[in-house]
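Visitor: I'm passing along run.cif; it holds mmCIF, C-alpha atoms.
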```
data_work
#
loop_
_atom_site.label_atom_id
_atom_site.label_comp_id
_atom_site.auth_asym_id
_atom_site.auth_seq_id
_atom_site.Cartn_x
_atom_site.Cartn_y
_atom_site.Cartn_z
CA MET A 1 0.00 0.00 0.00
CA GLU A 2 1.45 3.37 -1.05
CA THR A 3 1.95 5.84 1.78
CA HIS A 4 1.83 9.59 1.05
CA ILE A 5 1.75 12.70 3.20
CA SER A 6 -1.80 13.34 2.01
CA CYS A 7 -2.85 10.20 3.91
CA LEU A 8 -2.00 11.77 7.26
CA PHE A 9 -4.77 12.83 9.58
CA PRO A 10 -5.45 16.60 9.61
CA GLU A 11 -4.26 16.79 13.23
CA LEU A 12 -0.85 15.40 12.24
CA LEU A 13 -0.62 17.76 9.28
CA ALA A 14 -1.40 20.67 11.62
CA MET A 15 1.39 19.58 13.94
CA ILE A 16 3.85 19.50 11.02
CA PHE A 17 2.70 22.87 9.65
CA GLY A 18 3.21 24.37 13.09
CA TYR A 19 6.99 24.09 12.61
CA LEU A 20 6.96 26.12 9.37
CA ASP A 21 7.70 29.85 9.22
CA VAL A 22 4.81 32.21 8.50
CA ARG A 23 5.36 32.43 4.74
CA ASP A 24 5.53 28.65 4.35
CA LYS A 25 2.40 28.18 6.45
CA GLY A 26 0.56 30.34 3.91
CA ARG A 27 2.05 28.43 1.00
CA ALA A 28 1.05 25.09 2.50
CA ALA A 29 -2.55 26.33 2.73
CA GLN A 30 -2.58 26.85 -1.06
CA VAL A 31 -1.65 23.26 -2.01
CA CYS A 32 -5.08 21.65 -1.73
CA THR A 33 -8.29 21.75 0.25
CA ALA A 34 -7.11 19.20 2.81
CA TRP A 35 -3.89 21.10 3.46
CA ARG A 36 -5.76 24.40 3.66
CA ASP A 37 -8.09 23.01 6.31
CA ALA A 38 -5.15 21.65 8.31
CA ALA A 39 -3.09 24.83 7.88
CA TYR A 40 -5.97 26.97 9.13
CA HIS A 41 -6.13 25.07 12.42
CA LYS A 42 -5.57 27.54 15.26
CA SER A 43 -2.74 25.48 16.74
CA VAL A 44 -0.66 26.15 13.58
CA TRP A 45 -0.81 29.91 14.12
CA ARG A 46 -0.50 30.01 17.90
CA GLY A 47 1.74 32.95 18.89
CA VAL A 48 2.17 34.22 15.32
CA GLU A 49 2.24 38.00 14.83
CA ALA A 50 0.58 39.22 11.62
CA LYS A 51 2.62 41.98 9.93
CA LEU A 52 0.33 44.22 7.92
CA HIS A 53 0.52 47.13 5.50
CA LEU A 54 -2.87 48.84 5.84
CA ARG A 55 -3.21 50.65 2.51
CA ARG A 56 -6.63 49.79 1.17
CA ALA A 57 -9.81 48.11 2.37
CA ASN A 58 -9.71 44.32 2.48
CA PRO A 59 -12.97 42.86 3.83
CA SER A 60 -11.54 39.35 4.17
CA LEU A 61 -8.36 40.30 6.04
CA PHE A 62 -9.50 40.34 9.66
CA PRO A 63 -12.00 37.45 9.38
CA SER A 64 -9.14 35.38 7.94
CA LEU A 65 -6.82 36.29 10.82
CA GLN A 66 -9.48 35.55 13.42
CA ALA A 67 -10.33 32.20 11.80
CA ARG A 68 -6.70 31.17 12.33
CA GLY A 69 -6.69 32.39 15.91
CA ILE A 70 -4.18 35.17 15.29
CA ARG A 71 -4.37 37.77 18.05
CA ARG A 72 -1.05 39.60 17.65
CA VAL A 73 -0.72 42.30 15.00
CA GLN A 74 2.10 44.59 13.86
CA ILE A 75 1.19 47.51 11.59
CA LEU A 76 4.10 48.22 9.26
CA SER A 77 2.44 51.18 7.54
CA LEU A 78 -0.77 52.89 8.61
CA ARG A 79 -2.65 54.57 5.80
CA ARG A 80 -6.08 53.76 7.13
CA SER A 81 -7.77 54.59 10.41
CA LEU A 82 -6.53 52.68 13.46
CA SER A 83 -10.17 52.06 14.35
CA TYR A 84 -10.30 49.81 11.25
CA VAL A 85 -7.89 47.45 13.05
CA ILE A 86 -9.57 47.61 16.46
CA GLN A 87 -13.03 46.96 15.02
CA GLY A 88 -11.73 44.08 12.89
CA MET A 89 -9.81 42.30 15.67
CA ALA A 90 -12.27 41.92 18.52
CA ASN A 91 -9.97 39.74 20.65
CA ILE A 92 -6.64 41.40 19.86
CA GLU A 93 -3.92 40.58 22.40
CA SER A 94 -0.91 42.53 21.11
CA LEU A 95 -0.77 45.63 18.90
CA ASN A 96 2.57 46.88 17.58
CA LEU A 97 2.47 50.35 16.00
CA SER A 98 6.18 51.05 16.33
CA GLY A 99 7.35 53.59 13.78
CA CYS A 100 3.88 54.63 12.61
CA TYR A 101 4.91 58.27 12.49
CA ASN A 102 1.56 59.47 11.16
CA LEU A 103 -0.40 58.17 14.17
CA THR A 104 -1.87 61.10 16.12
CA ASP A 105 -3.81 61.56 19.35
CA ASN A 106 -6.91 62.07 17.21
CA GLY A 107 -6.44 58.78 15.37
CA LEU A 108 -5.80 56.84 18.56
CA GLY A 109 -8.73 58.55 20.27
CA HIS A 110 -11.13 57.42 17.52
CA ALA A 111 -9.87 53.83 17.86
CA PHE A 112 -10.03 53.51 21.64
CA VAL A 113 -13.63 54.46 22.45
CA GLN A 114 -14.56 51.52 24.67
CA GLU A 115 -12.83 49.03 26.92
CA ILE A 116 -10.63 46.48 25.13
CA GLY A 117 -10.15 43.86 27.81
CA SER A 118 -8.13 41.42 25.69
CA LEU A 119 -5.25 43.78 24.81
CA ARG A 120 -2.15 42.96 26.86
CA ALA A 121 0.70 44.60 24.90
CA LEU A 122 0.82 47.95 23.08
CA ASN A 123 3.91 49.28 21.28
CA LEU A 124 3.89 52.98 20.36
CA SER A 125 7.68 53.38 20.05
CA LEU A 126 8.68 56.29 17.78
CA CYS A 127 5.08 57.42 17.36
CA LYS A 128 6.33 60.94 17.88
CA GLN A 129 2.97 62.73 17.60
CA ILE A 130 1.53 60.86 20.58
CA THR A 131 1.07 63.01 23.71
CA ASP A 132 -0.41 62.71 27.20
CA SER A 133 -3.87 62.89 25.65
CA SER A 134 -3.41 59.41 24.15
CA LEU A 135 -2.16 58.07 27.46
CA GLY A 136 -5.42 59.24 29.01
CA ARG A 137 -7.35 57.13 26.50
CA ILE A 138 -5.06 54.15 27.08
CA ALA A 139 -5.42 54.41 30.87
CA GLN A 140 -9.19 54.62 30.55
CA TYR A 141 -9.86 51.80 28.08
CA LEU A 142 -6.89 49.41 28.23
CA LYS A 143 -6.89 48.55 31.92
CA GLY A 144 -5.65 45.00 31.28
CA LEU A 145 -2.46 46.22 29.62
CA GLU A 146 0.72 44.50 30.85
CA VAL A 147 3.32 45.81 28.38
CA LEU A 148 3.54 49.42 27.16
CA GLU A 149 6.31 50.63 24.86
CA LEU A 150 6.68 54.42 24.58
CA GLY A 151 10.33 54.67 23.56
CA GLY A 152 10.97 57.82 21.53
CA CYS A 153 7.57 59.37 22.30
CA SER A 154 9.25 62.65 23.14
CA ASN A 155 6.05 64.60 23.86
CA ILE A 156 5.13 62.51 26.90
CA THR A 157 5.31 64.43 30.20
CA ASN A 158 4.85 63.73 33.91
CA THR A 159 1.10 64.20 33.43
CA GLY A 160 1.11 61.21 31.12
CA LEU A 161 2.82 59.11 33.77
CA LEU A 162 0.20 60.21 36.30
CA LEU A 163 -2.49 58.90 33.94
CA ILE A 164 -0.64 55.61 33.52
CA ALA A 165 -0.25 55.32 37.29
CA TRP A 166 -3.98 55.96 37.69
CA GLY A 167 -5.32 53.51 35.11
CA LEU A 168 -2.78 50.75 34.41
CA GLN A 169 -2.31 48.88 37.69
CA ARG A 170 -1.62 45.59 35.88
CA LEU A 171 1.36 46.96 33.97
CA LYS A 172 4.47 44.75 34.18
CA SER A 173 6.77 46.32 31.59
CA LEU A 174 7.13 50.01 30.68
CA ASN A 175 9.62 51.49 28.21
CA LEU A 176 10.12 55.27 28.43
CA ARG A 177 13.37 55.52 26.46
CA SER A 178 14.22 59.08 25.39
CA CYS A 179 11.06 60.59 26.90
CA ARG A 180 13.15 63.58 27.85
CA HIS A 181 10.43 65.70 29.47
CA LEU A 182 10.07 63.21 32.31
CA SER A 183 11.43 64.09 35.73
CA ASP A 184 11.50 62.73 39.28
CA VAL A 185 7.87 63.81 39.72
CA GLY A 186 6.70 61.43 37.00
CA ILE A 187 8.68 58.50 38.42
CA GLY A 188 7.10 59.31 41.77
CA HIS A 189 3.67 58.87 40.18
CA LEU A 190 4.63 55.43 38.85
CA ALA A 191 6.01 54.39 42.23
CA GLY A 192 2.83 55.36 44.08
CA MET A 193 4.29 58.39 45.83
CA THR A 194 1.14 60.40 45.04
CA ARG A 195 -1.50 57.95 46.26
CA SER A 196 -4.11 60.70 46.59
CA ALA A 197 -4.07 61.03 42.79
CA ALA A 198 -2.98 57.58 41.58
CA GLU A 199 -2.20 54.16 43.03
CA GLY A 200 0.89 53.72 40.89
CA CYS A 201 2.13 50.80 38.80
CA LEU A 202 3.39 48.83 41.78
CA GLY A 203 3.50 45.52 39.87
CA LEU A 204 6.13 46.72 37.40
CA GLU A 205 8.87 44.15 36.71
CA GLN A 206 10.71 45.91 33.87
CA LEU A 207 11.33 49.66 33.59
CA THR A 208 13.41 51.32 30.88
CA LEU A 209 14.41 54.93 31.53
CA GLN A 210 17.27 55.13 29.06
CA ASP A 211 18.24 58.68 28.08
CA CYS A 212 15.72 60.35 30.41
CA GLN A 213 18.09 63.22 31.12
CA LYS A 214 16.08 65.03 33.81
CA LEU A 215 16.05 62.15 36.27
CA THR A 216 18.12 62.43 39.45
CA ASP A 217 18.82 60.29 42.50
CA LEU A 218 15.36 61.15 43.81
CA SER A 219 13.87 58.95 41.07
CA LEU A 220 15.93 56.03 42.33
CA LYS A 221 14.65 56.69 45.84
CA HIS A 222 11.06 56.57 44.54
CA ILE A 223 11.78 53.34 42.64
CA SER A 224 13.35 51.62 45.65
CA ARG A 225 10.40 52.52 47.86
CA GLY A 226 7.48 51.86 45.54
CA LEU A 227 8.56 49.44 42.80
CA THR A 228 9.90 46.72 45.05
CA GLY A 229 9.14 43.89 42.60
CA LEU A 230 11.25 45.38 39.81
CA ARG A 231 13.50 42.82 38.10
CA LEU A 232 15.02 44.87 35.26
CA LEU A 233 15.99 48.56 35.41
CA ASN A 234 17.65 50.37 32.51
CA LEU A 235 19.15 53.75 33.46
CA SER A 236 21.67 54.00 30.63
CA PHE A 237 22.59 57.55 29.55
CA CYS A 238 20.85 59.04 32.59
CA GLY A 239 23.56 61.57 33.38
CA GLY A 240 21.74 63.03 36.38
CA ILE A 241 22.07 60.00 38.65
CA SER A 242 25.07 59.52 40.92
CA ASP A 243 26.64 57.14 43.42
CA ALA A 244 24.23 58.33 46.11
CA GLY A 245 21.29 57.12 44.04
CA LEU A 246 22.74 53.61 43.83
CA LEU A 247 22.60 53.42 47.62
CA HIS A 248 18.79 53.49 47.29
CA LEU A 249 18.85 50.60 44.80
CA SER A 250 21.25 48.47 46.82
CA HIS A 251 18.52 46.75 48.85
CA MET A 252 16.12 45.88 46.02
CA GLY A 253 16.13 42.12 46.47
CA SER A 254 14.08 41.39 43.35
CA LEU A 255 16.34 43.30 40.97
CA ARG A 256 18.20 41.01 38.58
CA SER A 257 19.42 43.28 35.76
CA LEU A 258 20.79 46.82 36.11
CA ASN A 259 22.02 48.92 33.18
CA LEU A 260 24.10 51.99 34.07
CA ARG A 261 25.81 52.36 30.70
CA SER A 262 27.20 55.86 30.10
CA CYS A 263 26.03 57.19 33.48
CA ASP A 264 28.94 59.63 33.77
CA ASN A 265 28.63 60.29 37.52
CA ILE A 266 28.86 56.65 38.61
CA SER A 267 32.20 55.71 40.18
CA ASP A 268 33.78 53.00 42.32
CA THR A 269 31.80 54.36 45.28
CA GLY A 270 28.50 53.59 43.57
CA ILE A 271 29.61 50.04 42.77
CA MET A 272 30.59 49.68 46.44
CA HIS A 273 27.04 50.66 47.45
CA LEU A 274 25.60 47.99 45.13
CA ALA A 275 28.01 45.33 46.38
CA MET A 276 27.44 46.08 50.07
CA GLY A 277 23.67 45.84 49.81
CA SER A 278 21.36 42.83 49.43
CA LEU A 279 21.21 42.72 45.63
CA ARG A 280 21.19 39.41 43.76
CA LEU A 281 22.04 40.74 40.32
CA SER A 282 22.62 38.40 37.39
CA GLY A 283 23.39 41.21 34.90
CA LEU A 284 25.27 44.51 35.34
CA ASP A 285 26.35 46.99 32.67
CA VAL A 286 28.62 49.91 33.61
CA SER A 287 30.18 50.36 30.18
CA PHE A 288 31.53 53.83 29.40
CA CYS A 289 31.36 54.88 33.06
CA ASP A 290 34.86 56.34 32.97
CA LYS A 291 35.06 56.73 36.75
CA VAL A 292 34.76 52.98 37.25
CA GLY A 293 38.14 51.29 37.78
CA ASP A 294 39.92 48.34 39.35
CA GLN A 295 38.48 48.99 42.81
CA SER A 296 35.00 48.35 41.40
CA LEU A 297 36.09 44.88 40.31
CA ALA A 298 37.17 44.12 43.87
CA TYR A 299 33.76 45.24 45.15
CA ILE A 300 31.99 43.14 42.49
CA ALA A 301 33.95 40.05 43.52
CA GLN A 302 33.06 40.70 47.14
CA GLY A 303 29.33 41.37 46.88
CA LEU A 304 28.07 40.66 43.34
CA ASP A 305 29.69 37.30 42.71
CA GLY A 306 26.44 35.83 41.40
CA LEU A 307 26.65 37.82 38.16
CA LYS A 308 26.17 35.90 34.90
CA SER A 309 26.80 38.91 32.65
CA LEU A 310 29.15 41.85 33.26
CA SER A 311 29.85 44.71 30.84
CA LEU A 312 32.81 47.01 31.50
CA CYS A 313 33.53 48.39 28.03
CA SER A 314 35.78 51.46 28.06
CA CYS A 315 36.14 51.44 31.85
CA HIS A 316 39.54 52.24 33.39
CA ILE A 317 40.31 48.69 34.42
CA SER A 318 43.59 46.80 34.17
CA ASP A 319 45.02 43.33 34.64
CA ASP A 320 45.20 44.04 38.38
CA GLY A 321 41.44 44.58 38.54
CA ILE A 322 40.83 41.39 36.55
CA ASN A 323 43.04 39.53 39.03
CA ARG A 324 41.00 40.83 41.96
CA MET A 325 37.71 39.80 40.38
CA VAL A 326 38.00 36.49 38.52
CA ARG A 327 38.75 34.23 41.49
CA GLN A 328 35.22 34.78 42.90
CA MET A 329 33.23 34.92 39.66
CA HIS A 330 33.15 31.29 38.58
CA GLY A 331 29.56 31.51 37.32
CA LEU A 332 30.19 34.38 34.89
CA ARG A 333 28.94 33.57 31.37
CA THR A 334 29.41 36.86 29.47
CA LEU A 335 32.20 39.40 29.94
CA ASN A 336 32.42 42.56 27.84
CA ILE A 337 35.71 44.44 28.23
CA GLY A 338 35.97 46.02 24.79
CA GLN A 339 38.04 49.22 24.57
CA CYS A 340 39.64 48.55 27.95
CA VAL A 341 43.05 49.50 26.59
CA ARG A 342 44.98 48.64 29.77
CA ILE A 343 44.11 44.95 29.52
CA THR A 344 47.03 42.79 28.33
CA ASP A 345 47.72 39.09 27.79
CA LYS A 346 48.13 38.70 31.56
CA GLY A 347 44.49 39.67 32.06
CA LEU A 348 43.35 37.22 29.38
CA GLU A 349 45.36 34.44 30.99
CA LEU A 350 43.66 35.11 34.32
CA ILE A 351 40.25 35.04 32.62
CA ALA A 352 41.06 31.78 30.85
CA GLU A 353 42.31 30.20 34.10
CA HIS A 354 39.39 31.11 36.36
CA LEU A 355 36.28 31.78 34.20
CA SER A 356 35.81 28.33 32.72
CA GLN A 357 32.04 28.80 32.24
CA LEU A 358 32.46 31.84 29.98
CA THR A 359 30.43 31.56 26.77
CA GLY A 360 31.06 35.04 25.36
CA ILE A 361 33.73 37.74 25.62
CA ASP A 362 34.11 41.11 23.91
CA LEU A 363 37.70 42.23 23.31
CA TYR A 364 36.96 44.87 20.68
CA GLY A 365 39.58 47.59 20.77
CA CYS A 366 41.82 45.89 23.38
CA THR A 367 44.95 46.98 21.54
CA ARG A 368 47.51 45.57 23.98
CA ILE A 369 46.56 41.92 23.65
CA THR A 370 48.62 39.63 21.44
CA LYS A 371 48.42 36.20 19.87
CA ARG A 372 49.58 34.61 23.13
CA GLY A 373 46.66 35.92 25.19
CA LEU A 374 44.18 35.21 22.44
CA GLU A 375 45.23 31.58 22.20
CA ARG A 376 44.56 31.16 25.93
CA ILE A 377 41.07 32.64 25.57
CA THR A 378 40.17 30.37 22.66
CA GLN A 379 40.89 27.35 24.85
CA LEU A 380 37.92 28.15 27.11
CA PRO A 381 35.71 25.02 26.88
CA CYS A 382 32.32 26.78 26.69
CA LEU A 383 33.26 29.79 24.54
CA LYS A 384 30.85 30.44 21.67
CA VAL A 385 31.14 34.20 21.03
CA LEU A 386 34.41 36.08 20.67
CA ASN A 387 34.42 39.69 19.43
CA LEU A 388 37.87 40.94 18.47
CA GLY A 389 37.03 43.97 16.33
CA LEU A 390 40.15 46.10 15.92
CA TRP A 391 42.61 43.38 16.93
CA GLN A 392 44.90 42.66 13.97
CA MET A 393 45.30 39.03 12.94
CA THR A 394 47.13 37.11 10.26
CA ASP A 395 45.12 34.97 7.82
CA SER A 396 46.13 31.75 9.59
CA GLU A 397 44.99 33.15 12.94
CA LYS A 398 41.66 34.18 11.44
CA VAL A 399 41.07 30.63 10.25
CA ARG A 400 41.73 29.19 13.72
CA ILE A 401 39.25 31.43 15.51
CA ARG A 402 36.64 31.84 12.79
CA ARG A 403 34.15 29.61 14.61
CA TYR A 404 33.93 32.07 17.54
CA ASN A 405 32.82 34.98 15.35
CA MET A 406 30.09 33.17 13.43
#
```
Kindly return the structure encoded in the file as structure tokens.

Guide:
Amino acid sequence: METHISCLFPELLAMIFGYLDVRDKGRAAQVCTAWRDAAYHKSVWRGVEAKLHLRRANPSLFPSLQARGIRRVQILSLRRSLSYVIQGMANIESLNLSGCYNLTDNGLGHAFVQEIGSLRALNLSLCKQITDSSLGRIAQYLKGLEVLELGGCSNITNTGLLLIAWGLQRLKSLNLRSCRHLSDVGIGHLAGMTRSAAEGCLGLEQLTLQDCQKLTDLSLKHISRGLTGLRLLNLSFCGGISDAGLLHLSHMGSLRSLNLRSCDNISDTGIMHLAMGSLRLSGLDVSFCDKVGDQSLAYIAQGLDGLKSLSLCSCHISDDGINRMVRQMHGLRTLNIGQCVRITDKGLELIAEHLSQLTGIDLYGCTRITKRGLERITQLPCLKVLNLGLWQMTDSEKVRIRRYNM
């Protein structure tokens, strides 16, 4: 008896189609009626995000998406009303409008006119015309929202954060990158410091404040008092925070990832505060903090020895600092020391001797390392990623280490 794939039960076909990428799922549905029926099973499309260019009316578009159980949508270009999407996707779970520059408060206001209980994630990154007015609508009608991306929405102010703190108590992740009008007052709203006006977003687990230039140490005080469940905090390029602010963060037991990249006022003293507290960090980035030196590595070894990822690019560290750190950091998986120009082969030998679990290392711009140190690093048993960048190699050396740069 001849066996052919067409003899398989529809349930088995659906399982197979589930492993295909989105384009191939669609192609499989065009082969025959049996394959179409199997390919349209909701299990095939579970978790898939539809990427749409909304240019002209298409009456069959949203019924087709709903028939396949698709509830996540990304709008690549928006030339129709946003309400067209909201009305067509009654059970939408995730809406990504990132980069839809023509989206305005008016357009969003016409779309959000009643409660949308199913929506859990909304991405408005780089929707530069969006203001606090839209946040009022979001806070009123999207009370089940858990993820809100506002990176690059430069017209958002502290009033907008007050509205978020009033209406979005279920929020778990908030991205406010480059919202440069925000100040300590707005962070206070999020942290529940103004309970008479808003409860706050006290369930936040991830908060990105990258490049929010007006923030000071007072914001960190608010965060440490009100957002006690925070697991990830990105403060990169926040030039207004200092070592004193890190003292507030040092007892946040839930915090696992802290990004202080390019925070110019952070020094060894700030790292001491972090290390002497009760933090259980797994990831720390202090790259381009030019006041961080070898003493910080000693503090890290003493109090942050549970780190899995450590970034120190362009910090003033040397082989001596590496020596003081590596003996206590056996669990480290990723180490970024690019542009640390004082690191030599001695430092690499210490890393190779003590950090046997290392899977990735960045040595971009480490101009004082030579073939000898590099050969020691490439002997690390778990190493998968090696970034050399400006380091000059012969052709034979490139062949030997090619597998680490793939």

Visitor: When distances are computed from all atoms listed in the file, which of A:Leu145, A:Met329, A:Leu20, A:Ile337 shows the smallest separation from Ile317 in chain A?

Guide: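 Of all the options, A:Ile337 lies closest to Ile317 in chain A.
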
Visitor: In Å, how far is it from CA of Leu190 in chain A to CA of Ser257 in chain A?

Guide: 19.4 Å

Visitor: When you look at range 120-125 of chain A with a cut-off of 7 Å (counting all atoms listed in the file), what residues show up, excluding the ones that are within fewer than 6 positions of it in the same chain? I need them as a PyMOL selection string.

Guide: chain A and resi 93-99+144-153

Visitor: Can you turn the PyMOL selection byres ((chain A and resi 312) around 6) into a concrete residue list for this file, as number ranges by chain?

Guide: A: 286-287, 311, 313, 315, 336-337

Visitor: Could you list, as a list in words, every residue within 8 Å of Ile223 in chain A, counting all atoms listed in the file and ignoring same-chain residues fewer than 3 positions away?

Guide: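 The residues that qualify are Ile187, Gly188, Ala191, Ser219, Leu220, Gly226, Leu227, Thr228 and Leu249 of chain A.
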
Visitor: Which value, in Å to one decimal, gives the distance between CA of Ser318 in chain A and CA of Glu349 in chain A?

Guide: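 A separation of 12.9 Å between them.
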
Visitor: Near Gly136 in chain A, counting only C-alpha atoms, which residues have an atom at most 8 Å away, once you skip same-chain residues fewer than 4 positions from it, shown as a PyMOL selection string?

Guide: chain A and resi 132+140+160+163-164

Visitor: How would you write, as a PyMOL selection string, the residues chosen by the PyMOL selection byres ((chain A and resi 310) around 6) on this structure?

Guide: chain A and resi 284-285+309+311+335

Visitor: Select, from A:Gly107, A:Gly240, A:Gly277, A:Gly303, the residue with the minimum atom-to-atom distance to Gly253 in chain A, counting only C-alpha atoms.

Guide: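 Nearest candidate to Gly253 in chain A out of A:Gly107, A:Gly240, A:Gly277, A:Gly303: A:Gly277.
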
Visitor: Considering all atoms listed in the file, can you say which of A:His251, A:Arg137, A:His273, A:Arg333 comes closest to Gln357 in chain A?

Guide: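 Of A:His251, A:Arg137, A:His273, A:Arg333, the one nearest Gln357 in chain A is A:Arg333, counting all atoms listed in the file.
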